[in-house]
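Next comes target-v5.cif, a file with mmCIF, C-alpha atoms.
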data_start
loop_
_atom_site.label_atom_id
_atom_site.label_comp_id
_atom_site.auth_asym_id
_atom_site.auth_seq_id
_atom_site.Cartn_x
_atom_site.Cartn_y
_atom_site.Cartn_z
CA MET A 1 -43.85 3.40 94.51
CA GLU A 2 -47.47 2.93 95.71
CA THR A 3 -48.29 6.59 95.14
CA SER A 4 -46.77 6.50 91.67
CA ALA A 5 -48.70 3.34 90.78
CA LYS A 6 -51.93 4.86 92.04
CA GLN A 7 -51.43 7.98 89.95
CA GLU A 8 -51.00 5.85 86.86
CA LYS A 9 -54.45 4.34 87.24
CA LYS A 10 -57.09 5.60 84.88
CA LYS A 11 -59.42 7.98 86.70
CA ILE A 12 -63.08 7.12 86.20
CA LEU A 13 -66.05 9.17 87.33
CA GLN A 14 -69.34 7.34 87.76
CA ILE A 15 -72.44 9.55 87.59
CA GLY A 16 -75.72 8.33 89.07
CA TYR A 17 -79.05 10.10 89.38
CA LEU A 18 -80.12 9.03 92.87
CA ALA A 19 -78.51 8.35 96.24
CA LEU A 20 -76.46 5.16 96.69
CA GLY A 21 -79.43 3.20 98.04
CA LYS A 22 -80.21 -0.48 97.47
CA GLY A 23 -81.42 -0.07 93.90
CA GLY A 24 -80.54 -1.98 90.76
CA ILE A 25 -78.37 0.70 89.14
CA GLN A 26 -76.56 1.38 92.40
CA ALA A 27 -75.86 -2.35 92.75
CA VAL A 28 -74.31 -2.37 89.27
CA VAL A 29 -72.08 0.61 90.12
CA MET A 30 -70.95 -1.02 93.36
CA ASN A 31 -70.22 -4.28 91.59
CA ILE A 32 -67.99 -2.45 89.10
CA VAL A 33 -65.96 -0.65 91.76
CA ARG A 34 -65.64 -3.78 93.94
CA GLY A 35 -64.26 -5.79 91.08
CA LEU A 36 -62.04 -3.16 89.47
CA GLY A 37 -61.16 -0.85 92.37
CA ARG A 38 -57.54 -2.00 92.44
CA GLU A 39 -57.06 -1.46 88.71
CA PHE A 40 -58.83 1.89 88.26
CA SER A 41 -59.41 4.97 90.40
CA PHE A 42 -63.15 5.59 90.96
CA ASP A 43 -65.15 8.60 92.14
CA ILE A 44 -68.90 9.12 91.92
CA LEU A 45 -71.13 12.16 91.41
CA LEU A 46 -74.65 11.88 92.87
CA LEU A 47 -77.51 14.30 92.31
CA SER A 48 -78.81 13.92 95.85
CA ASN A 49 -77.62 14.91 99.32
CA LYS A 50 -79.39 11.90 100.81
CA GLU A 51 -77.19 9.32 102.52
CA GLY A 52 -77.46 5.88 100.95
CA PHE A 53 -76.93 2.24 101.91
CA TYR A 54 -73.64 1.97 99.96
CA ASP A 55 -72.08 5.32 100.95
CA GLU A 56 -69.60 4.02 103.49
CA GLU A 57 -68.51 1.14 101.30
CA PHE A 58 -67.96 3.38 98.28
CA LYS A 59 -65.76 5.70 100.33
CA THR A 60 -63.27 2.83 100.69
CA TYR A 61 -62.76 3.02 96.90
CA GLY A 62 -63.03 6.74 96.15
CA ASN A 63 -64.74 10.06 96.75
CA ILE A 64 -68.46 10.85 96.72
CA TYR A 65 -69.38 14.23 95.25
CA ARG A 66 -72.90 15.67 95.24
CA VAL A 67 -75.04 18.21 93.44
CA ASP A 68 -78.36 18.43 95.27
CA CYS A 69 -81.21 18.39 92.75
CA SER A 70 -83.83 16.89 95.05
CA VAL A 71 -87.37 18.31 95.21
CA GLU A 72 -88.42 16.29 98.28
CA GLY A 73 -90.21 18.40 100.88
CA CYS A 74 -90.41 21.43 98.60
CA GLY A 75 -93.55 23.48 98.19
CA LYS A 76 -95.17 23.75 94.77
CA LEU A 77 -93.47 27.02 93.77
CA LYS A 78 -90.06 25.96 95.03
CA ARG A 79 -90.43 22.60 93.27
CA TYR A 80 -91.08 24.30 89.92
CA PHE A 81 -88.08 26.56 90.47
CA ARG A 82 -85.84 23.56 91.25
CA TYR A 83 -87.07 21.70 88.18
CA ALA A 84 -86.36 24.75 86.01
CA THR A 85 -82.85 25.31 87.39
CA ARG A 86 -81.86 21.64 87.77
CA PRO A 87 -80.24 21.22 84.33
CA PHE A 88 -78.01 24.24 84.96
CA LYS A 89 -77.00 22.98 88.42
CA GLN A 90 -76.21 19.58 86.96
CA PHE A 91 -74.12 21.02 84.15
CA LEU A 92 -72.12 23.42 86.35
CA GLY A 93 -71.58 20.89 89.13
CA ALA A 94 -70.39 18.17 86.75
CA TYR A 95 -68.27 20.57 84.66
CA ARG A 96 -66.39 21.99 87.65
CA LEU A 97 -65.76 18.55 89.12
CA ILE A 98 -64.52 17.06 85.85
CA LYS A 99 -62.24 20.03 85.09
CA ALA A 100 -60.78 19.93 88.59
CA ASN A 101 -60.03 16.19 88.59
CA ARG A 102 -59.29 15.55 84.90
CA TYR A 103 -60.99 12.18 84.60
CA ASP A 104 -59.98 9.82 81.82
CA VAL A 105 -63.46 8.30 81.58
CA VAL A 106 -66.89 9.58 82.60
CA HIS A 107 -69.46 6.77 82.92
CA ILE A 108 -73.04 8.10 83.12
CA HIS A 109 -75.96 5.94 84.32
CA SER A 110 -78.72 8.56 84.19
CA GLY A 111 -80.28 7.90 80.79
CA HIS A 112 -81.88 10.87 79.05
CA ASP A 113 -81.89 12.75 82.38
CA GLY A 114 -78.11 12.80 82.17
CA GLY A 115 -78.11 15.22 79.24
CA PRO A 116 -76.57 18.14 81.18
CA MET A 117 -73.79 15.87 82.52
CA PHE A 118 -73.00 14.57 79.02
CA LEU A 119 -72.68 18.17 77.83
CA ALA A 120 -70.51 19.00 80.85
CA ALA A 121 -68.15 16.09 80.14
CA LYS A 122 -67.93 17.10 76.48
CA CYS A 123 -67.25 20.77 77.29
CA ALA A 124 -64.69 19.77 79.92
CA GLY A 125 -62.71 17.94 77.26
CA VAL A 126 -63.31 14.34 78.31
CA LYS A 127 -62.35 12.06 75.44
CA HIS A 128 -64.17 8.95 76.68
CA ILE A 129 -67.81 9.38 77.70
CA VAL A 130 -69.70 6.14 78.38
CA ALA A 131 -73.51 6.15 78.24
CA HIS A 132 -75.13 3.25 80.11
CA SER A 133 -78.81 2.55 79.44
CA HIS A 134 -80.54 0.68 82.26
CA ASN A 135 -84.20 1.01 81.36
CA ALA A 136 -86.86 0.85 78.67
CA GLU A 137 -89.38 3.56 77.80
CA SER A 138 -92.11 4.16 80.36
CA PRO A 139 -95.75 4.04 79.17
CA GLU A 140 -96.68 6.78 81.65
CA LYS A 141 -98.52 9.74 80.20
CA ARG A 142 -96.31 12.81 80.23
CA THR A 143 -96.74 16.52 79.73
CA LEU A 144 -95.61 18.16 76.50
CA PHE A 145 -92.68 19.76 78.35
CA SER A 146 -91.63 16.37 79.76
CA ARG A 147 -91.76 14.75 76.31
CA ILE A 148 -89.67 17.55 74.79
CA TYR A 149 -87.13 17.33 77.65
CA ARG A 150 -86.87 13.57 77.15
CA LYS A 151 -86.29 13.85 73.40
CA LEU A 152 -83.72 16.59 73.91
CA GLY A 153 -81.90 14.48 76.49
CA GLN A 154 -81.82 11.47 74.15
CA CYS A 155 -80.45 13.66 71.37
CA ILE A 156 -77.67 15.00 73.60
CA VAL A 157 -76.72 11.49 74.75
CA ARG A 158 -76.56 10.20 71.16
CA ARG A 159 -74.37 13.10 70.02
CA THR A 160 -71.95 13.27 72.95
CA ALA A 161 -71.42 9.68 74.16
CA THR A 162 -68.32 8.07 72.66
CA VAL A 163 -69.38 4.56 73.77
CA LYS A 164 -72.99 3.44 74.13
CA ILE A 165 -73.79 0.39 76.25
CA GLY A 166 -76.90 -1.01 77.89
CA VAL A 167 -78.40 -3.96 79.71
CA SER A 168 -80.50 -5.23 76.78
CA GLU A 169 -81.51 -4.52 73.20
CA VAL A 170 -84.72 -2.80 74.31
CA ALA A 171 -82.79 -0.52 76.71
CA ASN A 172 -80.30 0.40 73.99
CA ARG A 173 -83.00 1.02 71.40
CA TYR A 174 -84.85 3.34 73.79
CA LEU A 175 -81.87 5.59 74.57
CA TYR A 176 -79.79 5.34 71.39
CA GLY A 177 -82.30 4.65 68.63
CA GLY A 178 -80.45 2.98 65.79
CA ASP A 179 -76.96 4.10 66.87
CA ALA A 180 -74.25 1.47 67.30
CA SER A 181 -74.28 0.15 70.86
CA PHE A 182 -73.22 -2.84 72.93
CA ILE A 183 -74.90 -5.01 75.53
CA VAL A 184 -73.04 -5.45 78.81
CA ASN A 185 -74.86 -7.82 81.15
CA ASN A 186 -75.81 -6.84 84.65
CA PRO A 187 -73.95 -8.90 87.26
CA VAL A 188 -75.50 -11.58 89.47
CA ASP A 189 -73.62 -12.70 92.56
CA LEU A 190 -74.11 -16.38 91.80
CA GLU A 191 -72.70 -17.66 95.07
CA LYS A 192 -75.00 -15.44 97.10
CA PHE A 193 -78.15 -16.71 95.38
CA THR A 194 -77.30 -20.32 94.53
CA ARG A 195 -75.69 -21.53 97.76
CA LEU A 196 -78.81 -21.37 99.99
CA GLU A 197 -80.94 -24.43 100.66
CA ARG A 198 -84.50 -24.15 99.36
CA SER A 199 -87.40 -24.10 101.82
CA ASN A 200 -90.25 -26.61 101.59
CA ASN A 201 -93.52 -24.72 101.97
CA GLY A 202 -95.72 -27.81 101.73
CA GLY A 203 -99.04 -26.97 100.14
CA LYS A 204 -98.60 -23.21 100.47
CA ILE A 205 -97.61 -21.10 97.44
CA VAL A 206 -95.26 -18.34 98.58
CA LEU A 207 -95.12 -15.43 96.13
CA THR A 208 -92.44 -12.74 96.22
CA ASN A 209 -91.73 -9.48 94.42
CA VAL A 210 -88.59 -7.36 94.89
CA GLY A 211 -88.43 -3.77 93.70
CA ARG A 212 -89.22 -0.15 94.33
CA TYR A 213 -92.87 0.44 95.25
CA SER A 214 -93.65 2.38 92.08
CA PHE A 215 -95.72 2.67 88.90
CA GLN A 216 -93.03 0.77 87.00
CA LYS A 217 -92.97 -2.28 89.26
CA ASN A 218 -96.79 -2.52 89.48
CA GLN A 219 -97.01 -4.30 92.84
CA GLU A 220 -100.77 -3.60 93.02
CA PHE A 221 -101.21 -6.34 90.44
CA CYS A 222 -99.31 -8.75 92.71
CA VAL A 223 -101.99 -8.13 95.35
CA GLU A 224 -104.71 -8.84 92.78
CA ILE A 225 -103.00 -12.13 91.86
CA LEU A 226 -102.81 -13.14 95.52
CA LYS A 227 -106.52 -12.41 95.90
CA ALA A 228 -107.29 -14.53 92.81
CA LEU A 229 -105.27 -17.46 94.21
CA LEU A 230 -107.09 -17.30 97.54
CA ALA A 231 -110.44 -17.14 95.71
CA LYS A 232 -109.48 -20.42 93.99
CA GLY A 233 -109.05 -22.00 97.42
CA ARG A 234 -105.26 -21.99 97.31
CA ASP A 235 -103.16 -21.46 100.42
CA ALA A 236 -100.92 -18.55 99.40
CA GLU A 237 -98.98 -15.61 100.78
CA LEU A 238 -97.20 -12.63 99.24
CA ASN A 239 -93.98 -10.86 100.20
CA LEU A 240 -93.40 -7.41 98.69
CA ILE A 241 -89.78 -6.47 99.35
CA GLY A 242 -88.95 -2.86 98.56
CA TRP A 243 -89.47 0.80 99.38
CA GLY A 244 -90.75 3.84 97.56
CA GLU A 245 -93.49 6.31 96.81
CA ASN A 246 -96.35 3.79 96.56
CA GLU A 247 -95.85 2.23 99.99
CA GLU A 248 -98.90 3.82 101.62
CA ARG A 249 -101.06 3.02 98.59
CA LEU A 250 -100.06 -0.65 98.84
CA LYS A 251 -100.77 -0.77 102.56
CA LYS A 252 -104.21 0.74 101.97
CA LEU A 253 -104.96 -1.73 99.16
CA ILE A 254 -103.94 -4.72 101.30
CA ASN A 255 -106.14 -3.50 104.16
CA GLU A 256 -109.11 -2.81 101.87
CA GLN A 257 -108.86 -6.33 100.43
CA GLY A 258 -108.60 -7.86 103.91
CA LEU A 259 -105.25 -9.46 103.13
CA GLU A 260 -103.28 -8.32 106.17
CA LYS A 261 -102.50 -11.93 107.17
CA GLU A 262 -101.53 -13.09 103.68
CA ALA A 263 -99.57 -10.09 102.34
CA ARG A 264 -96.70 -8.24 103.95
CA LEU A 265 -94.42 -5.37 102.99
CA ILE A 266 -90.74 -5.88 103.85
CA ASP A 267 -88.35 -2.92 103.86
CA GLY A 268 -85.91 -3.68 101.06
CA GLY A 269 -83.91 -0.54 101.76
CA GLY A 270 -82.78 -1.85 105.13
CA ASP A 271 -81.29 -5.15 106.18
CA ALA A 272 -83.72 -7.45 104.37
CA ASP A 273 -81.99 -10.74 103.46
CA VAL A 274 -83.23 -10.91 99.87
CA PRO A 275 -81.40 -14.15 98.92
CA ALA A 276 -82.86 -15.96 101.96
CA LEU A 277 -86.35 -14.61 101.25
CA LEU A 278 -86.12 -15.78 97.63
CA ALA A 279 -84.88 -19.20 98.74
CA ALA A 280 -87.99 -19.42 100.94
CA SER A 281 -90.31 -18.50 98.03
CA ASP A 282 -91.94 -20.61 95.35
CA VAL A 283 -92.76 -18.09 92.64
CA PHE A 284 -91.29 -14.69 91.82
CA VAL A 285 -94.05 -12.47 90.42
CA PHE A 286 -92.77 -9.68 88.16
CA PRO A 287 -95.63 -7.69 86.56
CA SER A 288 -93.54 -4.63 85.62
CA ARG A 289 -95.00 -2.14 83.16
CA TYR A 290 -91.54 -1.64 81.61
CA GLU A 291 -88.01 -2.96 82.24
CA GLY A 292 -84.58 -2.54 80.71
CA LEU A 293 -83.67 -6.01 81.95
CA GLY A 294 -84.99 -7.00 85.38
CA ILE A 295 -81.99 -8.36 87.26
CA VAL A 296 -84.16 -9.47 90.20
CA ALA A 297 -85.79 -12.05 87.92
CA LEU A 298 -82.32 -13.50 87.27
CA GLU A 299 -81.53 -13.52 90.98
CA ALA A 300 -84.84 -15.21 91.78
CA GLN A 301 -84.24 -18.02 89.28
CA ALA A 302 -80.66 -18.42 90.55
CA ALA A 303 -82.19 -18.89 94.01
CA GLY A 304 -84.46 -21.63 92.62
CA CYS A 305 -87.71 -19.66 92.22
CA LEU A 306 -90.11 -20.12 89.36
CA CYS A 307 -90.79 -16.76 87.70
CA VAL A 308 -93.91 -15.29 86.09
CA ALA A 309 -93.17 -11.97 84.39
CA SER A 310 -94.99 -9.49 82.20
CA ASP A 311 -94.19 -9.46 78.50
CA ALA A 312 -92.69 -5.99 79.05
CA VAL A 313 -89.71 -7.76 80.66
CA PRO A 314 -87.00 -8.71 78.10
CA LYS A 315 -86.94 -12.43 77.31
CA THR A 316 -83.21 -12.51 78.07
CA THR A 317 -84.27 -12.84 81.71
CA ASP A 318 -85.47 -16.40 81.04
CA LEU A 319 -82.94 -18.80 82.55
CA GLY A 320 -85.20 -21.80 82.04
CA MET A 321 -87.63 -21.13 84.89
CA CYS A 322 -89.64 -18.19 83.57
CA GLU A 323 -92.99 -17.72 81.81
CA TYR A 324 -94.30 -14.43 80.37
CA LEU A 325 -97.87 -13.09 80.34
CA SER A 326 -99.46 -9.89 79.09
CA LEU A 327 -100.66 -7.33 81.59
CA GLN A 328 -103.84 -7.27 79.51
CA GLU A 329 -104.62 -10.69 80.96
CA ALA A 330 -106.73 -10.76 84.12
CA SER A 331 -105.25 -11.62 87.51
CA ASP A 332 -107.16 -14.95 87.29
CA VAL A 333 -105.09 -15.92 84.25
CA TRP A 334 -101.86 -15.09 86.07
CA ALA A 335 -103.05 -17.08 89.09
CA GLU A 336 -103.81 -20.10 86.88
CA LYS A 337 -100.36 -19.92 85.29
CA ILE A 338 -98.73 -19.77 88.74
CA VAL A 339 -100.66 -22.83 89.90
CA GLU A 340 -99.79 -24.71 86.70
CA MET A 341 -96.07 -23.95 87.09
CA TRP A 342 -96.11 -24.74 90.79
CA GLU A 343 -97.84 -28.10 90.25
CA HIS A 344 -95.41 -29.05 87.46
CA LYS A 345 -92.21 -27.46 88.73
CA GLU A 346 -90.23 -30.50 87.57
CA ARG A 347 -90.60 -29.21 84.00
CA TYR A 348 -88.38 -26.24 84.77
CA ARG A 349 -84.60 -26.41 85.08
CA LEU A 350 -82.11 -23.61 85.64
CA ASN A 351 -79.92 -23.05 82.57
CA ASN A 352 -76.53 -22.69 84.26
CA GLU A 353 -74.79 -21.83 81.00
CA ALA A 354 -77.14 -18.89 80.46
CA LEU A 355 -76.76 -17.83 84.09
CA GLU A 356 -72.97 -17.85 83.84
CA GLN A 357 -73.15 -15.01 81.30
CA PHE A 358 -74.27 -12.78 84.20
CA SER A 359 -71.52 -13.86 86.61
CA THR A 360 -69.56 -11.07 88.29
CA GLU A 361 -66.32 -12.37 86.78
CA ASN A 362 -67.66 -12.10 83.23
CA VAL A 363 -69.09 -8.62 83.86
CA TRP A 364 -65.82 -7.42 85.44
CA LYS A 365 -63.99 -8.69 82.37
CA ALA A 366 -66.33 -6.70 80.10
CA PHE A 367 -65.83 -3.45 82.02
CA ARG A 368 -62.08 -4.04 82.36
CA GLU A 369 -61.82 -4.34 78.58
CA LEU A 370 -64.10 -1.34 78.13
CA TYR A 371 -62.16 1.01 80.42
CA ALA A 372 -58.69 -0.24 79.46
CA GLY A 373 -59.40 -0.25 75.74
CA LEU A 374 -60.86 3.23 75.49
#

Give the structure from the file, written as structure tokens.
Amino acid sequence: METSAKQEKKKILQIGYLALGKGGIQAVVMNIVRGLGREFSFDILLLSNKEGFYDEEFKTYGNIYRVDCSVEGCGKLKRYFRYATRPFKQFLGAYRLIKANRYDVVHIHSGHDGGPMFLAAKCAGVKHIVAHSHNAESPEKRTLFSRIYRKLGQCIVRRTATVKIGVSEVANRYLYGGDASFIVNNPVDLEKFTRLERSNNGGKIVLTNVGRYSFQKNQEFCVEILKALLAKGRDAELNLIGWGENEERLKKLINEQGLEKEARLIDGGGDADVPALLAASDVFVFPSRYEGLGIVALEAQAAGCLCVASDAVPKTTDLGMCEYLSLQEASDVWAEKIVEMWEHKERYRLNNEALEQFSTENVWKAFRELYAGL
């Protein structure tokens, strides 16, 4: 009977672009399979051979398949070759996997980069192809080829996806234009972030940022804000929790500014206890250059942190404890806002009703209805 019941489950293939590391999209995928793993049969296709933080846990729910499209460690010529052949590898790998396993639903988290996988699912005869937009448009300058590839990918997604969802209006508008789409909130493990007792830091202002060390997350500006606070005579420190390509640049900047005692980098890809670190912080600083949502801002407020974010972060992240500033404003202005909020923290109250919309139970319900109703 168990085998028969298992075979009757809808088979769902999740497709992600990177390894199953401790990133935001990976956390969303894992939340889905944890909540719905008994009701649906899940596999995942990753475009990396790199082992990730969640690999072993995912294997308790389903299979991990891989198509290696990484360019790490490649020389210049080999990198160009891999970039040129990557769409074909993605298409063939996804097509063969989908045809072999006959999935009922293919749920793709790769944005415009997922174009080849959307085509593969369509050509393999999948009736239900879910596009999931997690991000907004990056302001980075791109080559003509990159801009054309991006537009082509968006066009493919819009034409092949049968259901279009995203984490916010700005994320949906970026990937789908004016096409009909739905917002499905990212989940926040409320118990994990709300149950911890807050630390009393006395007269010290503890700043924290959580995210990949990257152009998008803009942690260099966090260092500038820390420097501005210290210049105003404030006792302050900064925790940068994350990992990524800008790690060495951040270390160099901290050393050049003489902030080794006040600023520290904490490996967020390892065993960092993010909820505890947020509970020990006063202000979450979030100067991202672009965001689809910014779930860490929700988690920080759930943990009791005040939040100062850039105006590139969607306002739906405001749970009653957040203020927004332009990145055109100087670090001094951000520092003044932080001090003002910190000195008048009694003005800010967590909106529990708004937070509840991001509860895991509500998000599981949304995906259950999505998968079952397709």

Target residues per the PyMOL selection byres ((chain A and resi 345-349) around 12), formatted as a ChimeraX atom specification: /A:282-283,301-307,318-323,337-344,350-355

Counting all atoms listed in the file, what is within 10 Å of Leu207 (chain A), bar same-chain residues fewer than 4 positions away, as a ChimeraX atom specification? /A:222,225-226,236-240,263,278,280-285,305-307,338

Expected selection from the PyMOL selection byres ((chain A and resi 21) around 8), given as a list in words: Leu18, Ala19, Leu20, Lys22, Gly23, Gln26, Glu51, Gly52, Phe53, Tyr54 and Gly269 of chain A

Requested write-out: C-alpha atoms of the selected residues, as a PDB file, in the frame of the given file:
ATOM      1  CA  LEU A  18     -80.120   9.030  92.870  1.00  0.00           C
ATOM      2  CA  ALA A  19     -78.510   8.350  96.240  1.00  0.00           C
ATOM      3  CA  LEU A  20     -76.460   5.160  96.690  1.00  0.00           C
ATOM      4  CA  LYS A  22     -80.210  -0.480  97.470  1.00  0.00           C
ATOM      5  CA  GLY A  23     -81.420  -0.070  93.900  1.00  0.00           C
ATOM      6  CA  GLN A  26     -76.560   1.380  92.400  1.00  0.00           C
ATOM      7  CA  GLU A  51     -77.190   9.320 102.520  1.00  0.00           C
ATOM      8  CA  GLY A  52     -77.460   5.880 100.950  1.00  0.00           C
ATOM      9  CA  PHE A  53     -76.930   2.240 101.910  1.00  0.00           C
ATOM     10  CA  TYR A  54     -73.640   1.970  99.960  1.00  0.00           C
ATOM     11  CA  GLY A 269     -83.910  -0.540 101.760  1.00  0.00           C
TER      12      GLY A 269
END

Quick one: which residues end up in the PyMOL selection byres ((chain A and resi 324) around 9) for this structure, as a VMD selection string? chain A and resid 307 to 313 315 322 to 323 325 to 326

Can you tell me how far CA of Ser146 (chain A) sits from CA of Tyr17 (chain A), in Å to one decimal? 17.0 Å

Near Thr162 (chain A), counting all atoms listed in the file, which residues have an atom at most 8 Å away, once you skip same-chain residues fewer than 4 positions from it, shown as a VMD selection string? chain A and resid 127 to 131

Dump as an mmCIF file, in the coordinates of the input, selection limited to C-alpha atoms:
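New file result-v1.cif:
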data_model
loop_
_atom_site.group_PDB
_atom_site.id
_atom_site.type_symbol
_atom_site.label_atom_id
_atom_site.label_comp_id
_atom_site.auth_asym_id
_atom_site.auth_seq_id
_atom_site.Cartn_x
_atom_site.Cartn_y
_atom_site.Cartn_z
ATOM 1 C CA LYS A 127 -62.350 12.060 75.440
ATOM 2 C CA HIS A 128 -64.170 8.950 76.680
ATOM 3 C CA ILE A 129 -67.810 9.380 77.700
ATOM 4 C CA VAL A 130 -69.700 6.140 78.380
ATOM 5 C CA ALA A 131 -73.510 6.150 78.240
#

Would you mind listing what lies within 10 Å of Leu259 (chain A) as a ChimeraX atom specification, with all atoms listed in the file counted and same-chain residues fewer than 3 positions away left out? /A:223,226-227,230,237-238,251,253-256,262-264

Using only C-alpha atoms, can you tell me which of A:Phe182, A:Phe215, A:Tyr371, A:Phe193 comes closest to Val296 (chain A)?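 Smallest separation from Val296 (chain A) among the options: A:Phe193.
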
Taking 6 positions as the minimum chain separation for residues in the same chain, which residues sit within 12 Å of Lys164 (chain A) when counting only C-alpha atoms? Answer as JSON, numbers by chain. {"A": [107, 108, 109, 111, 128, 129, 130, 131, 132, 133, 134, 154, 157, 158, 171, 172, 173, 174, 175, 176, 177, 178, 179, 180, 181, 182, 183, 184, 370]}

Among the residues A:Gln257, A:Thr316, A:Ser41, A:Gln219, the one that comes closest to Asn185 (chain A) [using all atoms listed in the file]: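 So, comparing all the options, the nearest one is A:Thr316.
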
If we count only C-alpha atoms and set the cut-off at 6 Å, which residues sit around Ile44 (chain A), ignoring sequence neighbours fewer than 4 positions away in its own chain? Please answer as a ChimeraX atom specification. /A:13-15,64

Kindly indicate which residue among A:Glu224, A:Ile32, A:Glu299, A:Arg198 lies nearest to Gly258 (chain A), using all atoms listed in the file for the distances.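 When distances to Gly258 (chain A) are compared using all atoms listed in the file, the smallest one comes from A:Glu224.
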
Between A:Asn200, A:Ser331, A:Pro187, A:Gly166, which one has atoms that come closest to Val29 (chain A), using only C-alpha atoms?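 Among the listed residues, A:Pro187 lies closest to Val29 (chain A).
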
Could you jot down the CA of Leu36 (chain A) to CA of Ala124 (chain A) separation for me, Å, one decimal place?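 Value for the CA of Leu36 (chain A)-CA of Ala124 (chain A) distance: 25.0 Å.
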
Just how far from CA of Asn186 (chain A) is CA of Val28 (chain A), in Å to one decimal? 6.6 Å

Can you work out which one of A:Ala121, A:Asn135, A:Thr194, A:Arg142 has the shortest atom-to-atom distance to Ile165 (chain A), counting all atoms listed in the file?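 Result for the nearest residue to Ile165 (chain A): A:Asn135.
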
Counting all atoms listed in the file, the residue of A:Lys204, A:Asn218, A:Val105, A:Ser199 that sits nearest Ala279 (chain A): A:Ser199
